[in-house]
Amino acid sequence: MSQAVADATRANPAARWQVVLAAGDDAEPVFDNATRALSQRLAAAGVPTGNIHRLSASAGELGTAVEPALANVLLRRIGALPARPGDRCLIFLTSHGEQGAGLWLARSNTAVSPDELAQALSRGCAAVPTVVVVSACYSGGFAKGKMAKPNRIVLTAARNDRPSFGCQVHRVYNFFDECLLGALPKSATWRAVADGSRECVRRMERALGEQPSEPQAYFGAGVADLDVGF
């Protein structure tokens, strides 16, 4: 890391983050609403806009600052992140999920699997502290297997055999994204974000009488107490 970059990072710790945010389906607005809100929060906290890569399945969202949420584009974007020692990665993926397959990407008419995501992360983020959020039904498979590395935190919206809730046209966010976005400003660490999001989801599901989705969390040994950092 150059001295100028190191000095800038010390002055603004949020500048360490390399970020990919992807809304995988445009059937409901909740996914784009969540990536847009998180992008705005990150930029306001000091993450350079050039470090924030947003992808969408919605034609109305695409432009110079938003790429299409195609499987090859998403995996290439993650794999090309220029993470260096001292940096951190944040990957936030929100969409529908396919049980046993992964995160649905409507533009590609396919699902991205945990193994495919793990491979892309190993290229782009390597050994730097990495936070991965997969907000989808049946997403618990992303919190184990090849995704489980000492430098990674993985939060998912549900167990691998349970749906999550809130993907309706009339909602602003789905349940998990609403809870995550609400927990972030009140949390010092990612473990607190996970705990706050889980309890919030539990309350919302209980109010509707739904079967619990049981959001999952994996914390690698090297990042067990990682601060939120923005």
# chains A, B, ... in the order shown; residues from 1 in each chain; ligands from 1
>>> residues_around(residues="range 74-79 of chain A", least_positions_apart="6", cutoff="8 Å", atoms="only C-alpha atoms", output="tab-separated table (two decimals) with all heavy atoms, in the first residue's frame")
chain	number	residue	atom	x	y	z
A	20	VAL	N	-19.55	-4.87	-3.20
A	20	VAL	CA	-20.44	-5.27	-4.30
A	20	VAL	C	-21.83	-5.48	-3.72
A	20	VAL	O	-22.00	-6.23	-2.75
A	20	VAL	CB	-19.97	-6.57	-4.99
A	20	VAL	CG1	-21.00	-7.02	-6.03
A	20	VAL	CG2	-18.61	-6.35	-5.67
A	22	ALA	N	-25.79	-6.41	-4.94
A	22	ALA	CA	-26.53	-6.93	-6.09
A	22	ALA	C	-27.97	-7.26	-5.74
A	22	ALA	O	-28.24	-7.96	-4.76
A	22	ALA	CB	-25.85	-8.18	-6.66
A	53	HIS	N	-19.80	-1.04	-5.98
A	53	HIS	CA	-20.27	-1.56	-7.26
A	53	HIS	C	-21.68	-2.12	-7.06
A	53	HIS	O	-21.86	-3.07	-6.31
A	53	HIS	CB	-19.34	-2.64	-7.79
A	53	HIS	CG	-17.91	-2.19	-7.85
A	53	HIS	ND1	-17.43	-1.38	-8.86
A	53	HIS	CD2	-16.86	-2.40	-7.01
A	53	HIS	CE1	-16.15	-1.14	-8.67
A	53	HIS	NE2	-15.78	-1.74	-7.55
A	55	LEU	N	-25.22	-3.75	-8.69
A	55	LEU	CA	-25.77	-4.50	-9.82
A	55	LEU	C	-27.27	-4.66	-9.62
A	55	LEU	O	-27.75	-4.76	-8.48
A	55	LEU	CB	-25.11	-5.88	-9.94
A	55	LEU	CG	-23.64	-5.94	-10.34
A	55	LEU	CD1	-22.74	-5.67	-9.14
A	55	LEU	CD2	-23.30	-7.29	-10.94
A	116	GLU	N	-19.64	-21.26	-6.29
A	116	GLU	CA	-19.26	-20.25	-7.28
A	116	GLU	C	-18.91	-18.94	-6.60
A	116	GLU	O	-17.92	-18.27	-6.96
A	116	GLU	CB	-20.40	-20.03	-8.28
A	116	GLU	CG	-20.62	-21.19	-9.23
A	116	GLU	CD	-21.85	-21.00	-10.08
A	116	GLU	OE1	-22.91	-20.59	-9.55
A	116	GLU	OE2	-21.76	-21.27	-11.30
A	117	LEU	N	-19.70	-18.56	-5.61
A	117	LEU	CA	-19.41	-17.33	-4.88
A	117	LEU	C	-18.10	-17.44	-4.12
A	117	LEU	O	-17.29	-16.51	-4.11
A	117	LEU	CB	-20.56	-17.01	-3.92
A	117	LEU	CG	-20.40	-15.75	-3.07
A	117	LEU	CD1	-20.18	-14.51	-3.95
A	117	LEU	CD2	-21.61	-15.55	-2.17
A	119	GLN	N	-15.48	-19.19	-4.85
A	119	GLN	CA	-14.36	-19.11	-5.78
A	119	GLN	C	-14.08	-17.66	-6.16
A	119	GLN	O	-12.92	-17.23	-6.22
A	119	GLN	CB	-14.66	-19.95	-7.02
A	119	GLN	CG	-13.50	-20.05	-7.99
A	119	GLN	CD	-13.82	-20.97	-9.16
A	119	GLN	OE1	-14.94	-21.02	-9.64
A	119	GLN	NE2	-12.82	-21.70	-9.62
A	120	ALA	N	-15.15	-16.89	-6.44
A	120	ALA	CA	-14.97	-15.48	-6.80
A	120	ALA	C	-14.38	-14.69	-5.64
A	120	ALA	O	-13.51	-13.83	-5.82
A	120	ALA	CB	-16.30	-14.88	-7.23
A	121	LEU	N	-14.83	-14.96	-4.42
A	121	LEU	CA	-14.31	-14.28	-3.24
A	121	LEU	C	-12.82	-14.57	-3.05
A	121	LEU	O	-12.05	-13.69	-2.66
A	121	LEU	CB	-15.08	-14.70	-2.00
A	121	LEU	CG	-16.51	-14.18	-1.86
A	121	LEU	CD1	-17.24	-14.95	-0.77
A	121	LEU	CD2	-16.52	-12.69	-1.58
A	122	SER	N	-12.42	-15.78	-3.30
A	122	SER	CA	-11.02	-16.15	-3.14
A	122	SER	C	-10.12	-15.39	-4.11
A	122	SER	O	-8.96	-15.11	-3.80
A	122	SER	CB	-10.84	-17.66	-3.33
A	122	SER	OG	-11.47	-18.37	-2.28
A	123	ARG	N	-10.66	-15.03	-5.27
A	123	ARG	CA	-9.88	-14.25	-6.23
A	123	ARG	C	-9.84	-12.78	-5.84
A	123	ARG	O	-8.78	-12.16	-5.83
A	123	ARG	CB	-10.47	-14.39	-7.64
A	123	ARG	CG	-10.35	-15.78	-8.23
A	123	ARG	CD	-10.58	-15.75	-9.74
A	123	ARG	NE	-11.86	-15.12	-10.09
A	123	ARG	CZ	-13.01	-15.78	-10.20
A	123	ARG	NH1	-13.05	-17.09	-9.96
A	123	ARG	NH2	-14.12	-15.15	-10.54
A	124	GLY	N	-10.99	-12.19	-5.55
A	124	GLY	CA	-11.05	-10.75	-5.34
A	124	GLY	C	-10.71	-10.29	-3.94
A	124	GLY	O	-10.11	-9.22	-3.76
A	125	CYS	N	-11.10	-11.05	-2.95
A	125	CYS	CA	-10.91	-10.63	-1.57
A	125	CYS	C	-9.81	-11.40	-0.86
A	125	CYS	O	-9.30	-10.95	0.17
A	125	CYS	CB	-12.22	-10.77	-0.79
A	125	CYS	SG	-13.56	-9.75	-1.48
>>> residues_around(residues="Pro150 in chain A", least_positions_apart="5", cutoff="12 Å", atoms="only C-alpha atoms", output="list of chain:residue names")
A:Ser122, A:Ala126, A:Ala127, A:Val128, A:Pro129, A:Thr130, A:Val131, A:Lys144, A:Tyr218, A:Phe219, A:Gly220, A:Ala221, A:Gly222, A:Val223, A:Ala224, A:Leu226
>>> write_last_selection(atoms="all heavy atoms", output="mmCIF file, in the first residue's frame")
data_model
loop_
_atom_site.group_PDB
_atom_site.id
_atom_site.type_symbol
_atom_site.label_atom_id
_atom_site.label_comp_id
_atom_site.auth_asym_id
_atom_site.auth_seq_id
_atom_site.Cartn_x
_atom_site.Cartn_y
_atom_site.Cartn_z
ATOM 1 N N SER A 122 -12.417 -15.779 -3.305
ATOM 2 C CA SER A 122 -11.017 -16.148 -3.137
ATOM 3 C C SER A 122 -10.123 -15.391 -4.110
ATOM 4 O O SER A 122 -8.961 -15.111 -3.805
ATOM 5 C CB SER A 122 -10.836 -17.658 -3.328
ATOM 6 O OG SER A 122 -11.473 -18.371 -2.276
ATOM 7 N N ALA A 126 -9.467 -12.554 -1.391
ATOM 8 C CA ALA A 126 -8.370 -13.373 -0.864
ATOM 9 C C ALA A 126 -8.493 -13.511 0.645
ATOM 10 O O ALA A 126 -9.487 -14.021 1.136
ATOM 11 C CB ALA A 126 -7.029 -12.782 -1.295
ATOM 12 N N ALA A 127 -7.495 -13.020 1.385
ATOM 13 C CA ALA A 127 -7.466 -13.243 2.834
ATOM 14 C C ALA A 127 -7.872 -12.020 3.643
ATOM 15 O O ALA A 127 -7.775 -12.039 4.871
ATOM 16 C CB ALA A 127 -6.066 -13.686 3.257
ATOM 17 N N VAL A 128 -8.350 -10.935 2.986
ATOM 18 C CA VAL A 128 -8.738 -9.753 3.760
ATOM 19 C C VAL A 128 -10.066 -10.025 4.471
ATOM 20 O O VAL A 128 -10.851 -10.883 4.045
ATOM 21 C CB VAL A 128 -8.858 -8.492 2.870
ATOM 22 C CG1 VAL A 128 -7.596 -8.279 2.067
ATOM 23 C CG2 VAL A 128 -10.082 -8.547 1.967
ATOM 24 N N PRO A 129 -10.342 -9.321 5.580
ATOM 25 C CA PRO A 129 -11.634 -9.500 6.249
ATOM 26 C C PRO A 129 -12.787 -9.270 5.271
ATOM 27 O O PRO A 129 -12.829 -8.249 4.581
ATOM 28 C CB PRO A 129 -11.604 -8.442 7.354
ATOM 29 C CG PRO A 129 -10.150 -8.244 7.638
ATOM 30 C CD PRO A 129 -9.477 -8.377 6.305
ATOM 31 N N THR A 130 -13.693 -10.223 5.226
ATOM 32 C CA THR A 130 -14.756 -10.203 4.221
ATOM 33 C C THR A 130 -16.098 -10.500 4.875
ATOM 34 O O THR A 130 -16.239 -11.490 5.594
ATOM 35 C CB THR A 130 -14.476 -11.244 3.121
ATOM 36 O OG1 THR A 130 -13.241 -10.923 2.471
ATOM 37 C CG2 THR A 130 -15.585 -11.279 2.093
ATOM 38 N N VAL A 131 -17.073 -9.624 4.622
ATOM 39 C CA VAL A 131 -18.438 -9.812 5.115
ATOM 40 C C VAL A 131 -19.342 -10.098 3.926
ATOM 41 O O VAL A 131 -19.371 -9.317 2.967
ATOM 42 C CB VAL A 131 -18.949 -8.571 5.872
ATOM 43 C CG1 VAL A 131 -20.381 -8.788 6.348
ATOM 44 C CG2 VAL A 131 -18.031 -8.240 7.049
ATOM 45 N N LYS A 144 -21.699 -22.118 5.056
ATOM 46 C CA LYS A 144 -20.918 -23.316 5.377
ATOM 47 C C LYS A 144 -20.164 -23.770 4.142
ATOM 48 O O LYS A 144 -20.154 -23.093 3.116
ATOM 49 C CB LYS A 144 -21.833 -24.420 5.892
ATOM 50 C CG LYS A 144 -22.962 -24.813 4.945
ATOM 51 C CD LYS A 144 -23.910 -25.801 5.607
ATOM 52 C CE LYS A 144 -25.046 -26.180 4.681
ATOM 53 N NZ LYS A 144 -25.979 -27.144 5.323
ATOM 54 N N TYR A 218 -22.161 -17.252 10.103
ATOM 55 C CA TYR A 218 -20.860 -17.904 10.269
ATOM 56 C C TYR A 218 -19.823 -16.819 10.528
ATOM 57 O O TYR A 218 -19.783 -15.797 9.821
ATOM 58 C CB TYR A 218 -20.475 -18.679 9.013
ATOM 59 C CG TYR A 218 -19.012 -19.083 9.010
ATOM 60 C CD1 TYR A 218 -18.586 -20.202 9.718
ATOM 61 C CD2 TYR A 218 -18.066 -18.309 8.338
ATOM 62 C CE1 TYR A 218 -17.242 -20.548 9.749
ATOM 63 C CE2 TYR A 218 -16.725 -18.664 8.361
ATOM 64 C CZ TYR A 218 -16.316 -19.776 9.075
ATOM 65 O OH TYR A 218 -14.991 -20.103 9.107
ATOM 66 N N PHE A 219 -18.996 -17.023 11.545
ATOM 67 C CA PHE A 219 -17.928 -16.083 11.869
ATOM 68 C C PHE A 219 -16.597 -16.828 11.856
ATOM 69 O O PHE A 219 -16.364 -17.700 12.688
ATOM 70 C CB PHE A 219 -18.166 -15.455 13.244
ATOM 71 C CG PHE A 219 -19.263 -14.436 13.265
ATOM 72 C CD1 PHE A 219 -20.589 -14.824 13.394
ATOM 73 C CD2 PHE A 219 -18.974 -13.088 13.113
ATOM 74 C CE1 PHE A 219 -21.607 -13.892 13.391
ATOM 75 C CE2 PHE A 219 -19.995 -12.145 13.108
ATOM 76 C CZ PHE A 219 -21.308 -12.538 13.249
ATOM 77 N N GLY A 220 -15.736 -16.497 10.904
ATOM 78 C CA GLY A 220 -14.425 -17.097 10.863
ATOM 79 C C GLY A 220 -13.586 -16.672 12.056
ATOM 80 O O GLY A 220 -13.779 -15.580 12.618
ATOM 81 N N ALA A 221 -12.645 -17.516 12.425
ATOM 82 C CA ALA A 221 -11.852 -17.264 13.631
ATOM 83 C C ALA A 221 -11.084 -15.954 13.565
ATOM 84 O O ALA A 221 -10.871 -15.300 14.599
ATOM 85 C CB ALA A 221 -10.879 -18.422 13.847
ATOM 86 N N GLY A 222 -10.696 -15.538 12.381
ATOM 87 C CA GLY A 222 -9.903 -14.319 12.256
ATOM 88 C C GLY A 222 -10.703 -13.046 12.291
ATOM 89 O O GLY A 222 -10.121 -11.954 12.372
ATOM 90 N N VAL A 223 -12.045 -13.149 12.233
ATOM 91 C CA VAL A 223 -12.890 -11.944 12.168
ATOM 92 C C VAL A 223 -14.056 -12.037 13.150
ATOM 93 O O VAL A 223 -15.074 -11.364 12.977
ATOM 94 C CB VAL A 223 -13.429 -11.716 10.730
ATOM 95 C CG1 VAL A 223 -12.316 -11.264 9.805
ATOM 96 C CG2 VAL A 223 -14.104 -12.985 10.191
ATOM 97 N N ALA A 224 -13.906 -12.835 14.177
ATOM 98 C CA ALA A 224 -15.016 -13.109 15.098
ATOM 99 C C ALA A 224 -15.564 -11.840 15.744
ATOM 100 O O ALA A 224 -16.772 -11.755 16.031
ATOM 101 C CB ALA A 224 -14.572 -14.087 16.183
ATOM 102 N N LEU A 226 -15.069 -8.596 14.412
ATOM 103 C CA LEU A 226 -14.847 -7.509 13.460
ATOM 104 C C LEU A 226 -15.837 -6.368 13.691
ATOM 105 O O LEU A 226 -17.043 -6.595 13.799
ATOM 106 C CB LEU A 226 -14.992 -8.042 12.040
ATOM 107 C CG LEU A 226 -14.616 -7.068 10.920
ATOM 108 C CD1 LEU A 226 -13.101 -6.830 10.897
ATOM 109 C CD2 LEU A 226 -15.094 -7.601 9.566
#
>>> residues_around(residues="Ala111 in chain A", least_positions_apart="3", cutoff="7 Å", atoms="only C-alpha atoms", output="PyMOL selection string")
chain A and resi 101-105
>>> write_last_selection(atoms="N, CA, C and O atoms", output="PDB file, in the first residue's frame")
ATOM      1  N   ALA A 101     -29.879 -24.741  -4.727  1.00  0.00           N
ATOM      2  CA  ALA A 101     -29.183 -24.168  -5.889  1.00  0.00           C
ATOM      3  C   ALA A 101     -28.439 -22.886  -5.549  1.00  0.00           C
ATOM      4  O   ALA A 101     -27.290 -22.705  -5.932  1.00  0.00           O
ATOM      5  N   GLY A 102     -29.085 -21.968  -4.838  1.00  0.00           N
ATOM      6  CA  GLY A 102     -28.413 -20.726  -4.483  1.00  0.00           C
ATOM      7  C   GLY A 102     -29.271 -19.503  -4.681  1.00  0.00           C
ATOM      8  O   GLY A 102     -30.490 -19.543  -4.534  1.00  0.00           O
ATOM      9  N   LEU A 103     -28.619 -18.397  -5.021  1.00  0.00           N
ATOM     10  CA  LEU A 103     -29.271 -17.092  -5.159  1.00  0.00           C
ATOM     11  C   LEU A 103     -29.715 -16.888  -6.603  1.00  0.00           C
ATOM     12  O   LEU A 103     -28.904 -16.969  -7.530  1.00  0.00           O
ATOM     13  N   TRP A 104     -31.014 -16.598  -6.789  1.00  0.00           N
ATOM     14  CA  TRP A 104     -31.586 -16.480  -8.120  1.00  0.00           C
ATOM     15  C   TRP A 104     -31.194 -15.156  -8.763  1.00  0.00           C
ATOM     16  O   TRP A 104     -31.337 -14.088  -8.182  1.00  0.00           O
ATOM     17  N   LEU A 105     -30.716 -15.231 -10.022  1.00  0.00           N
ATOM     18  CA  LEU A 105     -30.421 -14.060 -10.838  1.00  0.00           C
ATOM     19  C   LEU A 105     -31.328 -14.107 -12.059  1.00  0.00           C
ATOM     20  O   LEU A 105     -31.115 -14.893 -12.982  1.00  0.00           O
TER      21      LEU A 105
END
>>> select_by_dssp(residues="range 100-171 of chain A", states="helix (DSSP H, G or I)", output="PyMOL selection string")
chain A and resi 114-124+139-143+145-147
>>> residues_around(residues="Gly46 in chain A", least_positions_apart="4", cutoff="7 Å", atoms="only C-alpha atoms", output="PyMOL selection string")
chain A and resi 12+14-15+42
>>> write_last_selection(atoms="N, CA and C atoms", output="PDB file, in the first residue's frame")
ATOM      1  N   ASN A  12      -9.684   8.119   7.067  1.00  0.00           N
ATOM      2  CA  ASN A  12     -11.059   7.696   6.788  1.00  0.00           C
ATOM      3  C   ASN A  12     -11.100   6.176   6.725  1.00  0.00           C
ATOM      4  N   ALA A  14     -13.396   4.096   6.643  1.00  0.00           N
ATOM      5  CA  ALA A  14     -14.405   3.544   5.737  1.00  0.00           C
ATOM      6  C   ALA A  14     -13.857   3.357   4.326  1.00  0.00           C
ATOM      7  N   ALA A  15     -12.775   4.054   4.009  1.00  0.00           N
ATOM      8  CA  ALA A  15     -12.182   3.936   2.674  1.00  0.00           C
ATOM      9  C   ALA A  15     -11.566   2.574   2.433  1.00  0.00           C
ATOM     10  N   LEU A  42     -23.316   3.670   2.824  1.00  0.00           N
ATOM     11  CA  LEU A  42     -21.875   3.498   2.718  1.00  0.00           C
ATOM     12  C   LEU A  42     -21.207   4.771   2.214  1.00  0.00           C
TER      13      LEU A  42
END
